[in-house]
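With mmCIF, N, CA and C atoms inside, this is entry.cif:
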data_protein
#
loop_
_atom_site.label_atom_id
_atom_site.label_comp_id
_atom_site.auth_asym_id
_atom_site.auth_seq_id
_atom_site.Cartn_x
_atom_site.Cartn_y
_atom_site.Cartn_z
N MET A 1382 162.88 125.15 68.26
CA MET A 1382 163.53 125.69 69.43
C MET A 1382 162.44 126.11 70.42
N ASP A 1383 162.62 125.75 71.69
CA ASP A 1383 161.68 126.11 72.76
C ASP A 1383 162.41 126.91 73.82
N GLY A 1384 161.74 127.90 74.36
CA GLY A 1384 162.24 128.61 75.52
C GLY A 1384 161.70 127.97 76.79
N LEU A 1385 162.49 127.95 77.84
CA LEU A 1385 162.10 127.32 79.10
C LEU A 1385 162.19 128.32 80.24
N PHE A 1386 161.27 128.23 81.17
CA PHE A 1386 161.31 128.99 82.40
C PHE A 1386 160.59 128.19 83.46
N GLY A 1387 161.14 128.17 84.66
CA GLY A 1387 160.47 127.43 85.72
C GLY A 1387 161.14 127.62 87.06
N LEU A 1388 160.71 126.82 88.02
CA LEU A 1388 161.26 126.80 89.36
C LEU A 1388 161.68 125.38 89.68
N ARG A 1389 162.84 125.24 90.33
CA ARG A 1389 163.37 123.95 90.74
C ARG A 1389 163.45 123.92 92.26
N TYR A 1390 162.86 122.90 92.88
CA TYR A 1390 162.86 122.77 94.35
C TYR A 1390 163.98 121.83 94.78
N PHE A 1391 164.71 122.22 95.81
CA PHE A 1391 165.76 121.38 96.40
C PHE A 1391 165.41 121.14 97.86
N GLY A 1392 165.40 119.90 98.27
CA GLY A 1392 165.22 119.51 99.66
C GLY A 1392 166.45 118.72 100.08
N LEU A 1393 167.35 119.33 100.82
CA LEU A 1393 168.61 118.69 101.21
C LEU A 1393 168.55 118.30 102.68
N LYS A 1394 169.04 117.11 102.98
CA LYS A 1394 169.11 116.64 104.35
C LYS A 1394 170.44 115.90 104.57
N PRO A 1395 171.56 116.63 104.44
CA PRO A 1395 172.86 115.97 104.61
C PRO A 1395 173.16 115.69 106.09
N SER A 1396 173.90 114.63 106.33
CA SER A 1396 174.38 114.34 107.69
C SER A 1396 175.72 113.63 107.59
N ILE A 1397 176.55 113.89 108.56
CA ILE A 1397 177.86 113.24 108.67
C ILE A 1397 177.89 112.48 109.98
N GLN A 1398 178.25 111.20 109.89
CA GLN A 1398 178.29 110.36 111.08
C GLN A 1398 179.68 109.74 111.17
N ILE A 1399 180.29 109.86 112.32
CA ILE A 1399 181.59 109.26 112.58
C ILE A 1399 181.39 108.24 113.69
N GLY A 1400 181.59 106.97 113.36
CA GLY A 1400 181.30 105.90 114.32
C GLY A 1400 179.81 105.86 114.59
N GLN A 1401 179.43 105.93 115.85
CA GLN A 1401 178.02 105.91 116.23
C GLN A 1401 177.47 107.30 116.54
N GLN A 1402 178.29 108.33 116.37
CA GLN A 1402 177.89 109.67 116.77
C GLN A 1402 177.63 110.55 115.54
N ASN A 1403 176.49 111.24 115.54
CA ASN A 1403 176.19 112.22 114.49
C ASN A 1403 177.01 113.48 114.75
N GLU A 1404 177.84 113.85 113.79
CA GLU A 1404 178.66 115.04 113.91
C GLU A 1404 177.97 116.26 113.31
N PHE A 1405 177.13 116.02 112.30
CA PHE A 1405 176.52 117.15 111.59
C PHE A 1405 175.22 116.68 110.95
N THR A 1406 174.16 117.43 111.16
CA THR A 1406 172.88 117.19 110.48
C THR A 1406 172.29 118.54 110.13
N LYS A 1407 171.79 118.65 108.91
CA LYS A 1407 171.26 119.92 108.43
C LYS A 1407 170.07 119.65 107.53
N ASN A 1408 168.99 120.39 107.70
CA ASN A 1408 167.84 120.36 106.79
C ASN A 1408 167.80 121.70 106.07
N LEU A 1409 167.73 121.66 104.76
CA LEU A 1409 167.76 122.88 103.97
C LEU A 1409 166.85 122.73 102.77
N ASP A 1410 166.00 123.71 102.55
CA ASP A 1410 165.11 123.76 101.38
C ASP A 1410 165.33 125.09 100.68
N PHE A 1411 165.40 125.05 99.35
CA PHE A 1411 165.41 126.29 98.59
C PHE A 1411 164.85 126.05 97.20
N ILE A 1412 164.45 127.14 96.57
CA ILE A 1412 163.86 127.09 95.23
C ILE A 1412 164.70 127.96 94.30
N ASP A 1413 165.05 127.39 93.16
CA ASP A 1413 165.81 128.11 92.14
C ASP A 1413 164.92 128.45 90.96
N PRO A 1414 164.87 129.72 90.57
CA PRO A 1414 164.28 130.03 89.27
C PRO A 1414 165.29 129.68 88.19
N TYR A 1415 164.81 129.29 87.01
CA TYR A 1415 165.74 128.99 85.92
C TYR A 1415 165.10 129.37 84.58
N PHE A 1416 165.96 129.57 83.59
CA PHE A 1416 165.50 129.74 82.22
C PHE A 1416 166.50 129.06 81.30
N GLY A 1417 166.04 128.67 80.12
CA GLY A 1417 166.92 127.97 79.20
C GLY A 1417 166.29 127.79 77.84
N MET A 1418 166.92 126.92 77.05
CA MET A 1418 166.47 126.65 75.69
C MET A 1418 166.56 125.17 75.40
N ARG A 1419 165.68 124.71 74.51
CA ARG A 1419 165.69 123.32 74.05
C ARG A 1419 165.60 123.33 72.52
N PHE A 1420 166.46 122.53 71.90
CA PHE A 1420 166.49 122.40 70.44
C PHE A 1420 166.19 120.95 70.08
N LYS A 1421 165.50 120.75 68.97
CA LYS A 1421 165.20 119.39 68.53
C LYS A 1421 165.12 119.39 67.01
N THR A 1422 165.80 118.42 66.40
CA THR A 1422 165.70 118.22 64.95
C THR A 1422 165.34 116.77 64.69
N VAL A 1423 164.49 116.55 63.69
CA VAL A 1423 164.11 115.20 63.28
C VAL A 1423 164.43 115.07 61.81
N ASN A 1424 165.26 114.08 61.47
CA ASN A 1424 165.66 113.82 60.09
C ASN A 1424 165.32 112.37 59.79
N ASP A 1425 164.33 112.14 58.96
CA ASP A 1425 163.78 110.79 58.73
C ASP A 1425 163.34 110.23 60.07
N LYS A 1426 164.04 109.24 60.57
CA LYS A 1426 163.67 108.64 61.86
C LYS A 1426 164.64 109.01 62.97
N TRP A 1427 165.69 109.77 62.67
CA TRP A 1427 166.70 110.12 63.67
C TRP A 1427 166.37 111.46 64.32
N ILE A 1428 166.60 111.54 65.62
CA ILE A 1428 166.28 112.73 66.41
C ILE A 1428 167.54 113.20 67.12
N ASN A 1429 167.82 114.49 67.04
CA ASN A 1429 168.89 115.11 67.80
C ASN A 1429 168.26 116.17 68.68
N SER A 1430 168.63 116.20 69.94
CA SER A 1430 168.08 117.24 70.80
C SER A 1430 169.11 117.66 71.84
N ALA A 1431 168.97 118.91 72.26
CA ALA A 1431 169.84 119.48 73.29
C ALA A 1431 168.99 120.39 74.15
N ARG A 1432 169.30 120.41 75.43
CA ARG A 1432 168.61 121.30 76.37
C ARG A 1432 169.65 121.87 77.33
N PHE A 1433 169.56 123.15 77.56
CA PHE A 1433 170.44 123.80 78.53
C PHE A 1433 169.64 124.82 79.32
N ASP A 1434 169.81 124.81 80.63
CA ASP A 1434 169.20 125.86 81.44
C ASP A 1434 170.16 126.30 82.53
N VAL A 1435 169.95 127.50 82.99
CA VAL A 1435 170.77 128.08 84.05
C VAL A 1435 169.83 128.73 85.06
N GLY A 1436 170.19 128.68 86.33
CA GLY A 1436 169.31 129.22 87.36
C GLY A 1436 170.04 129.63 88.60
N GLY A 1437 169.26 129.90 89.63
CA GLY A 1437 169.79 130.31 90.93
C GLY A 1437 169.87 131.81 91.06
N PHE A 1438 170.88 132.41 90.47
CA PHE A 1438 171.09 133.85 90.44
C PHE A 1438 171.12 134.48 91.84
N GLY A 1439 171.53 133.70 92.84
CA GLY A 1439 171.59 134.22 94.20
C GLY A 1439 170.24 134.23 94.91
N ILE A 1440 169.17 133.82 94.24
CA ILE A 1440 167.84 133.79 94.87
C ILE A 1440 167.71 132.52 95.71
N GLY A 1441 168.03 131.37 95.14
CA GLY A 1441 168.07 130.10 95.87
C GLY A 1441 169.53 129.71 96.01
N SER A 1442 170.05 129.09 94.98
CA SER A 1442 171.47 128.79 94.96
C SER A 1442 172.22 129.97 94.36
N LYS A 1443 173.54 129.91 94.48
CA LYS A 1443 174.36 130.94 93.84
C LYS A 1443 174.22 130.82 92.33
N ILE A 1444 174.36 129.58 91.83
CA ILE A 1444 174.13 129.28 90.41
C ILE A 1444 173.88 127.78 90.27
N SER A 1445 173.06 127.43 89.28
CA SER A 1445 172.84 126.03 88.94
C SER A 1445 172.65 125.95 87.43
N TRP A 1446 172.98 124.81 86.87
CA TRP A 1446 172.75 124.61 85.44
C TRP A 1446 172.54 123.13 85.15
N LYS A 1447 171.87 122.87 84.03
CA LYS A 1447 171.59 121.50 83.60
C LYS A 1447 171.76 121.43 82.08
N LEU A 1448 172.33 120.32 81.61
CA LEU A 1448 172.59 120.11 80.19
C LEU A 1448 172.17 118.70 79.80
N ASN A 1449 171.43 118.57 78.71
CA ASN A 1449 171.09 117.27 78.12
C ASN A 1449 171.46 117.30 76.65
N LEU A 1450 172.20 116.31 76.19
CA LEU A 1450 172.51 116.10 74.78
C LEU A 1450 172.04 114.70 74.42
N LEU A 1451 171.12 114.60 73.46
CA LEU A 1451 170.50 113.30 73.15
C LEU A 1451 170.48 113.05 71.66
N ILE A 1452 170.60 111.78 71.31
CA ILE A 1452 170.34 111.30 69.96
C ILE A 1452 169.30 110.20 70.10
N GLY A 1453 168.37 110.15 69.16
CA GLY A 1453 167.30 109.18 69.29
C GLY A 1453 166.86 108.62 67.96
N TYR A 1454 166.03 107.60 68.05
CA TYR A 1454 165.48 106.94 66.87
C TYR A 1454 163.98 106.84 67.04
N GLN A 1455 163.23 107.32 66.06
CA GLN A 1455 161.76 107.29 66.10
C GLN A 1455 161.29 105.90 65.69
N ILE A 1456 160.79 105.14 66.65
CA ILE A 1456 160.32 103.77 66.40
C ILE A 1456 158.99 103.79 65.67
N SER A 1457 158.09 104.67 66.10
CA SER A 1457 156.78 104.83 65.47
C SER A 1457 156.34 106.28 65.67
N ASP A 1458 155.13 106.62 65.22
CA ASP A 1458 154.62 107.97 65.45
C ASP A 1458 154.44 108.27 66.93
N LEU A 1459 154.29 107.24 67.74
CA LEU A 1459 154.00 107.41 69.16
C LEU A 1459 155.19 107.18 70.08
N SER A 1460 156.30 106.63 69.59
CA SER A 1460 157.39 106.31 70.50
C SER A 1460 158.76 106.51 69.84
N SER A 1461 159.73 106.79 70.70
CA SER A 1461 161.12 106.92 70.26
C SER A 1461 162.05 106.48 71.39
N TRP A 1462 163.25 106.09 71.01
CA TRP A 1462 164.28 105.66 71.96
C TRP A 1462 165.41 106.67 71.90
N HIS A 1463 165.98 107.03 73.06
CA HIS A 1463 167.04 108.04 73.13
C HIS A 1463 168.21 107.55 73.96
N ILE A 1464 169.39 108.06 73.63
CA ILE A 1464 170.60 107.84 74.42
C ILE A 1464 171.37 109.15 74.39
N GLY A 1465 172.08 109.44 75.48
CA GLY A 1465 172.81 110.69 75.50
C GLY A 1465 173.53 110.92 76.81
N TYR A 1466 173.77 112.19 77.09
CA TYR A 1466 174.52 112.60 78.27
C TYR A 1466 173.74 113.68 79.01
N GLN A 1467 173.79 113.62 80.34
CA GLN A 1467 173.18 114.65 81.17
C GLN A 1467 174.18 115.13 82.19
N GLY A 1468 174.29 116.43 82.35
CA GLY A 1468 175.12 117.03 83.38
C GLY A 1468 174.30 118.01 84.20
N TYR A 1469 174.56 118.06 85.50
CA TYR A 1469 173.77 118.89 86.41
C TYR A 1469 174.68 119.41 87.50
N ASP A 1470 174.70 120.73 87.72
CA ASP A 1470 175.58 121.33 88.71
C ASP A 1470 174.80 122.32 89.56
N VAL A 1471 175.01 122.27 90.87
CA VAL A 1471 174.37 123.20 91.80
C VAL A 1471 175.44 123.73 92.74
N ASN A 1472 175.46 125.06 92.92
CA ASN A 1472 176.39 125.70 93.84
C ASN A 1472 175.59 126.58 94.79
N TYR A 1473 175.43 126.12 96.02
CA TYR A 1473 174.66 126.84 97.04
C TYR A 1473 175.60 127.24 98.16
N GLU A 1474 175.50 128.50 98.59
CA GLU A 1474 176.25 128.97 99.75
C GLU A 1474 175.28 129.69 100.67
N GLY A 1475 175.06 129.10 101.85
CA GLY A 1475 174.13 129.69 102.81
C GLY A 1475 174.80 130.76 103.65
N ASN A 1476 174.00 131.50 104.40
CA ASN A 1476 174.54 132.56 105.24
C ASN A 1476 175.09 132.05 106.57
N ASN A 1477 175.00 130.75 106.81
CA ASN A 1477 175.51 130.17 108.05
C ASN A 1477 176.71 129.26 107.78
N SER A 1478 177.53 129.60 106.79
CA SER A 1478 178.75 128.88 106.43
C SER A 1478 178.49 127.48 105.88
N PHE A 1479 177.26 127.19 105.46
CA PHE A 1479 176.96 125.90 104.84
C PHE A 1479 177.08 126.05 103.33
N MET A 1480 177.82 125.14 102.70
CA MET A 1480 178.01 125.18 101.26
C MET A 1480 177.63 123.82 100.67
N TYR A 1481 176.90 123.84 99.57
CA TYR A 1481 176.52 122.64 98.82
C TYR A 1481 176.92 122.89 97.38
N ASP A 1482 177.97 122.22 96.93
CA ASP A 1482 178.49 122.41 95.57
C ASP A 1482 178.71 121.01 95.00
N ILE A 1483 177.84 120.61 94.07
CA ILE A 1483 177.92 119.24 93.54
C ILE A 1483 177.64 119.22 92.05
N TYR A 1484 178.37 118.39 91.35
CA TYR A 1484 178.13 118.14 89.93
C TYR A 1484 177.85 116.66 89.76
N THR A 1485 176.79 116.34 89.04
CA THR A 1485 176.52 114.95 88.66
C THR A 1485 176.36 114.91 87.15
N GLY A 1486 176.84 113.85 86.57
CA GLY A 1486 176.73 113.72 85.13
C GLY A 1486 176.95 112.28 84.71
N GLY A 1487 176.43 111.95 83.55
CA GLY A 1487 176.62 110.61 83.04
C GLY A 1487 175.69 110.33 81.87
N PHE A 1488 175.82 109.13 81.37
CA PHE A 1488 175.02 108.73 80.22
C PHE A 1488 173.62 108.34 80.65
N ILE A 1489 172.65 108.64 79.79
CA ILE A 1489 171.25 108.33 80.05
C ILE A 1489 170.65 107.66 78.83
N THR A 1490 169.61 106.90 79.05
CA THR A 1490 168.86 106.27 77.97
C THR A 1490 167.41 106.16 78.38
N GLY A 1491 166.52 106.07 77.42
CA GLY A 1491 165.12 105.93 77.76
C GLY A 1491 164.22 105.98 76.55
N PHE A 1492 162.94 105.74 76.78
CA PHE A 1492 161.92 105.76 75.75
C PHE A 1492 161.01 106.97 75.96
N ASN A 1493 160.55 107.56 74.89
CA ASN A 1493 159.54 108.61 74.92
C ASN A 1493 158.27 108.09 74.29
N PHE A 1494 157.15 108.41 74.92
CA PHE A 1494 155.85 108.07 74.38
C PHE A 1494 155.10 109.37 74.13
N ASN A 1495 154.67 109.59 72.92
CA ASN A 1495 153.97 110.81 72.53
C ASN A 1495 152.48 110.52 72.37
N PHE A 1496 151.67 111.42 72.85
CA PHE A 1496 150.22 111.26 72.73
C PHE A 1496 149.65 112.38 71.88
#

How does this structure look as structure tokens?
Amino acid sequence: MDGLFGLRYFGLKPSIQIGQQNEFTKNLDFIDPYFGMRFKTVNDKWINSARFDVGGFGIGSKISWKLNLLIGYQISDLSSWHIGYQGYDVNYEGNNSFMYDIYTGGFITGFNFNF
């Protein structure tokens, strides 16, 4: 089990265009502090891992969180393959009536290389 702490930077540049006319353009940057935990178990060649963190706390965003659930297979001492799910949610409310509230999630896959 690992404890996590860090800062996440957001650089947002949303714009809304209707026809040929820009109706809304906004540049917004903020930084979220976050903390969380990561778990990992290895059984023979199979790997299970989970990561969850939460942040924002009204410092940057109102609240944000990220979740990873992975299962993997250790190909060698130096590499492994993983598949799983990732979810990420950010809820920002600015003092000028601007709100950014979005959730993204889906399946992920990839290789890890250990040195």

For Gly1436 of chain A, which residue out of A:Phe1494, A:Tyr1473, A:Phe1386, A:Phe1416 is the nearest one, using only N, CA and C atoms?
->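 Result for the nearest residue to Gly1436 of chain A: A:Phe1416.
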
Pull the strand (DSSP E) assignments for chain A out of DSSP run on the backbone, and list those residues as a VMD selection string.
-> chain A and resid 1383 to 1393 1396 to 1399 1402 to 1406 1409 to 1424 1427 to 1436 1444 to 1455 1460 to 1474 1480 to 1494

Residue IDs satisfying the PyMOL selection byres ((chain A and resi 1389) around 5), as number ranges by chain = A: 1387-1388, 1390-1391, 1412-1414

Would you save the residues of that selection, restricted to N, CA and C atoms, as a PDB file, keeping the file's coordinate frame?
ATOM      1  N   GLY A1387     161.140 128.170  84.660  1.00  0.00           N
ATOM      2  CA  GLY A1387     160.470 127.430  85.720  1.00  0.00           C
ATOM      3  C   GLY A1387     161.140 127.620  87.060  1.00  0.00           C
ATOM      4  N   LEU A1388     160.710 126.820  88.020  1.00  0.00           N
ATOM      5  CA  LEU A1388     161.260 126.800  89.360  1.00  0.00           C
ATOM      6  C   LEU A1388     161.680 125.380  89.680  1.00  0.00           C
ATOM      7  N   TYR A1390     162.860 122.900  92.880  1.00  0.00           N
ATOM      8  CA  TYR A1390     162.860 122.770  94.350  1.00  0.00           C
ATOM      9  C   TYR A1390     163.980 121.830  94.780  1.00  0.00           C
ATOM     10  N   PHE A1391     164.710 122.220  95.810  1.00  0.00           N
ATOM     11  CA  PHE A1391     165.760 121.380  96.400  1.00  0.00           C
ATOM     12  C   PHE A1391     165.410 121.140  97.860  1.00  0.00           C
ATOM     13  N   ILE A1412     164.450 127.140  96.570  1.00  0.00           N
ATOM     14  CA  ILE A1412     163.860 127.090  95.230  1.00  0.00           C
ATOM     15  C   ILE A1412     164.700 127.960  94.300  1.00  0.00           C
ATOM     16  N   ASP A1413     165.050 127.390  93.160  1.00  0.00           N
ATOM     17  CA  ASP A1413     165.810 128.110  92.140  1.00  0.00           C
ATOM     18  C   ASP A1413     164.920 128.450  90.960  1.00  0.00           C
ATOM     19  N   PRO A1414     164.870 129.720  90.570  1.00  0.00           N
ATOM     20  CA  PRO A1414     164.280 130.030  89.270  1.00  0.00           C
ATOM     21  C   PRO A1414     165.290 129.680  88.190  1.00  0.00           C
TER      22      PRO A1414
END

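When atom CA of Asp1482 of chain A is paired with atom CA of Leu1450 of chain A, their separation reads 22.5 Å.
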
Nearest to Val1471 of chain A by atom-to-atom distance, counting all atoms listed in the file, from A:Ile1444, A:Ile1452, A:Leu1459, A:Ile1428 | A:Ile1444

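Every protein, DNA or RNA residue with an atom at most 7 Å from Thr1485 of chain A, where only C-alpha atoms count and chain neighbours fewer than 2 positions away do not, is listed here: A:Gly1468, A:Tyr1469, A:Asp1470, A:Ile1483.
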
Ground truth for the PyMOL selection byres ((chain A and resi 1405-1409) around 7), written as number ranges by chain | A: 1391-1399, 1402-1404, 1410-1411

Residues just named, written with N, CA and C atoms as a short mmCIF file (atom, residue, chain, number, x, y, z; two decimals), in the coordinates of the input:
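Output saved as out34.cif:
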data_model
loop_
_atom_site.label_atom_id
_atom_site.label_comp_id
_atom_site.auth_asym_id
_atom_site.auth_seq_id
_atom_site.Cartn_x
_atom_site.Cartn_y
_atom_site.Cartn_z
N PHE A 1391 164.71 122.22 95.81
CA PHE A 1391 165.76 121.38 96.40
C PHE A 1391 165.41 121.14 97.86
N GLY A 1392 165.40 119.90 98.27
CA GLY A 1392 165.22 119.51 99.66
C GLY A 1392 166.45 118.72 100.08
N LEU A 1393 167.35 119.33 100.82
CA LEU A 1393 168.61 118.69 101.21
C LEU A 1393 168.55 118.30 102.68
N LYS A 1394 169.04 117.11 102.98
CA LYS A 1394 169.11 116.64 104.35
C LYS A 1394 170.44 115.90 104.57
N PRO A 1395 171.56 116.63 104.44
CA PRO A 1395 172.86 115.97 104.61
C PRO A 1395 173.16 115.69 106.09
N SER A 1396 173.90 114.63 106.33
CA SER A 1396 174.38 114.34 107.69
C SER A 1396 175.72 113.63 107.59
N ILE A 1397 176.55 113.89 108.56
CA ILE A 1397 177.86 113.24 108.67
C ILE A 1397 177.89 112.48 109.98
N GLN A 1398 178.25 111.20 109.89
CA GLN A 1398 178.29 110.36 111.08
C GLN A 1398 179.68 109.74 111.17
N ILE A 1399 180.29 109.86 112.32
CA ILE A 1399 181.59 109.26 112.58
C ILE A 1399 181.39 108.24 113.69
N GLN A 1402 178.29 108.33 116.37
CA GLN A 1402 177.89 109.67 116.77
C GLN A 1402 177.63 110.55 115.54
N ASN A 1403 176.49 111.24 115.54
CA ASN A 1403 176.19 112.22 114.49
C ASN A 1403 177.01 113.48 114.75
N GLU A 1404 177.84 113.85 113.79
CA GLU A 1404 178.66 115.04 113.91
C GLU A 1404 177.97 116.26 113.31
N ASP A 1410 166.00 123.71 102.55
CA ASP A 1410 165.11 123.76 101.38
C ASP A 1410 165.33 125.09 100.68
N PHE A 1411 165.40 125.05 99.35
CA PHE A 1411 165.41 126.29 98.59
C PHE A 1411 164.85 126.05 97.20
#

Write out as an NGL selection string which residues come within 8 Å of Arg1432 of chain A when counting all atoms listed in the file, dropping same-chain ones fewer than 5 positions away.
-> :A and (1417-1421 or 1447-1451)

For Trp1446 of chain A, the nearest of the candidates A:Asn1472, A:Asn1495, A:Thr1490, A:Ser1461, counting only N, CA and C atoms = A:Asn1472

Would you work out the distance separating atom CA of Asn1493 of chain A from atom CA of Gly1453 of chain A, expressed in Å to one decimal?
->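 Calculated distance between atom CA of Asn1493 of chain A and atom CA of Gly1453 of chain A is 9.6 Å.
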
For Ile1456 of chain A, which residue out of A:Phe1488, A:Phe1438, A:Trp1427, A:Phe1479 is the nearest one, using only C-alpha atoms?
->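 For Ile1456 of chain A, the nearest of the given residues is A:Trp1427.
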
Proximity to Phe1496 of chain A - best of A:Ser1460, A:Ser1430, A:Asn1477, A:Thr1422, only C-alpha atoms |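 Going through A:Ser1460, A:Ser1430, A:Asn1477, A:Thr1422 one by one, the smallest distance to Phe1496 of chain A is for A:Ser1460.
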
Incomplete segment 1382-1396 of chain A filled out to N, CA, C and O atoms as an mmCIF file, in the coordinates of the input:
data_model
loop_
_atom_site.group_PDB
_atom_site.id
_atom_site.type_symbol
_atom_site.label_atom_id
_atom_site.label_comp_id
_atom_site.auth_asym_id
_atom_site.auth_seq_id
_atom_site.Cartn_x
_atom_site.Cartn_y
_atom_site.Cartn_z
ATOM 1 N N MET A 1382 162.880 125.150 68.260
ATOM 2 C CA MET A 1382 163.530 125.690 69.430
ATOM 3 C C MET A 1382 162.440 126.110 70.420
ATOM 4 O O MET A 1382 161.456 126.738 70.047
ATOM 5 N N ASP A 1383 162.620 125.750 71.690
ATOM 6 C CA ASP A 1383 161.680 126.110 72.760
ATOM 7 C C ASP A 1383 162.410 126.910 73.820
ATOM 8 O O ASP A 1383 163.562 126.622 74.160
ATOM 9 N N GLY A 1384 161.740 127.900 74.360
ATOM 10 C CA GLY A 1384 162.240 128.610 75.520
ATOM 11 C C GLY A 1384 161.700 127.970 76.790
ATOM 12 O O GLY A 1384 160.573 127.479 76.811
ATOM 13 N N LEU A 1385 162.490 127.950 77.840
ATOM 14 C CA LEU A 1385 162.100 127.320 79.100
ATOM 15 C C LEU A 1385 162.190 128.320 80.240
ATOM 16 O O LEU A 1385 163.097 129.145 80.278
ATOM 17 N N PHE A 1386 161.270 128.230 81.170
ATOM 18 C CA PHE A 1386 161.310 128.990 82.400
ATOM 19 C C PHE A 1386 160.590 128.190 83.460
ATOM 20 O O PHE A 1386 159.558 127.585 83.191
ATOM 21 N N GLY A 1387 161.140 128.170 84.660
ATOM 22 C CA GLY A 1387 160.470 127.430 85.720
ATOM 23 C C GLY A 1387 161.140 127.620 87.060
ATOM 24 O O GLY A 1387 162.023 128.461 87.234
ATOM 25 N N LEU A 1388 160.710 126.820 88.020
ATOM 26 C CA LEU A 1388 161.260 126.800 89.360
ATOM 27 C C LEU A 1388 161.680 125.380 89.680
ATOM 28 O O LEU A 1388 160.989 124.426 89.347
ATOM 29 N N ARG A 1389 162.840 125.240 90.330
ATOM 30 C CA ARG A 1389 163.370 123.950 90.740
ATOM 31 C C ARG A 1389 163.450 123.920 92.260
ATOM 32 O O ARG A 1389 164.040 124.805 92.860
ATOM 33 N N TYR A 1390 162.860 122.900 92.880
ATOM 34 C CA TYR A 1390 162.860 122.770 94.350
ATOM 35 C C TYR A 1390 163.980 121.830 94.780
ATOM 36 O O TYR A 1390 164.163 120.757 94.202
ATOM 37 N N PHE A 1391 164.710 122.220 95.810
ATOM 38 C CA PHE A 1391 165.760 121.380 96.400
ATOM 39 C C PHE A 1391 165.410 121.140 97.860
ATOM 40 O O PHE A 1391 165.154 122.084 98.602
ATOM 41 N N GLY A 1392 165.400 119.900 98.270
ATOM 42 C CA GLY A 1392 165.220 119.510 99.660
ATOM 43 C C GLY A 1392 166.450 118.720 100.080
ATOM 44 O O GLY A 1392 166.580 117.557 99.708
ATOM 45 N N LEU A 1393 167.350 119.330 100.820
ATOM 46 C CA LEU A 1393 168.610 118.690 101.210
ATOM 47 C C LEU A 1393 168.550 118.300 102.680
ATOM 48 O O LEU A 1393 168.111 119.088 103.518
ATOM 49 N N LYS A 1394 169.040 117.110 102.980
ATOM 50 C CA LYS A 1394 169.110 116.640 104.350
ATOM 51 C C LYS A 1394 170.440 115.900 104.570
ATOM 52 O O LYS A 1394 170.461 114.705 104.834
ATOM 53 N N PRO A 1395 171.560 116.630 104.440
ATOM 54 C CA PRO A 1395 172.860 115.970 104.610
ATOM 55 C C PRO A 1395 173.160 115.690 106.090
ATOM 56 O O PRO A 1395 172.720 116.429 106.972
ATOM 57 N N SER A 1396 173.900 114.630 106.330
ATOM 58 C CA SER A 1396 174.380 114.340 107.690
ATOM 59 C C SER A 1396 175.720 113.630 107.590
ATOM 60 O O SER A 1396 175.986 112.897 106.643
#
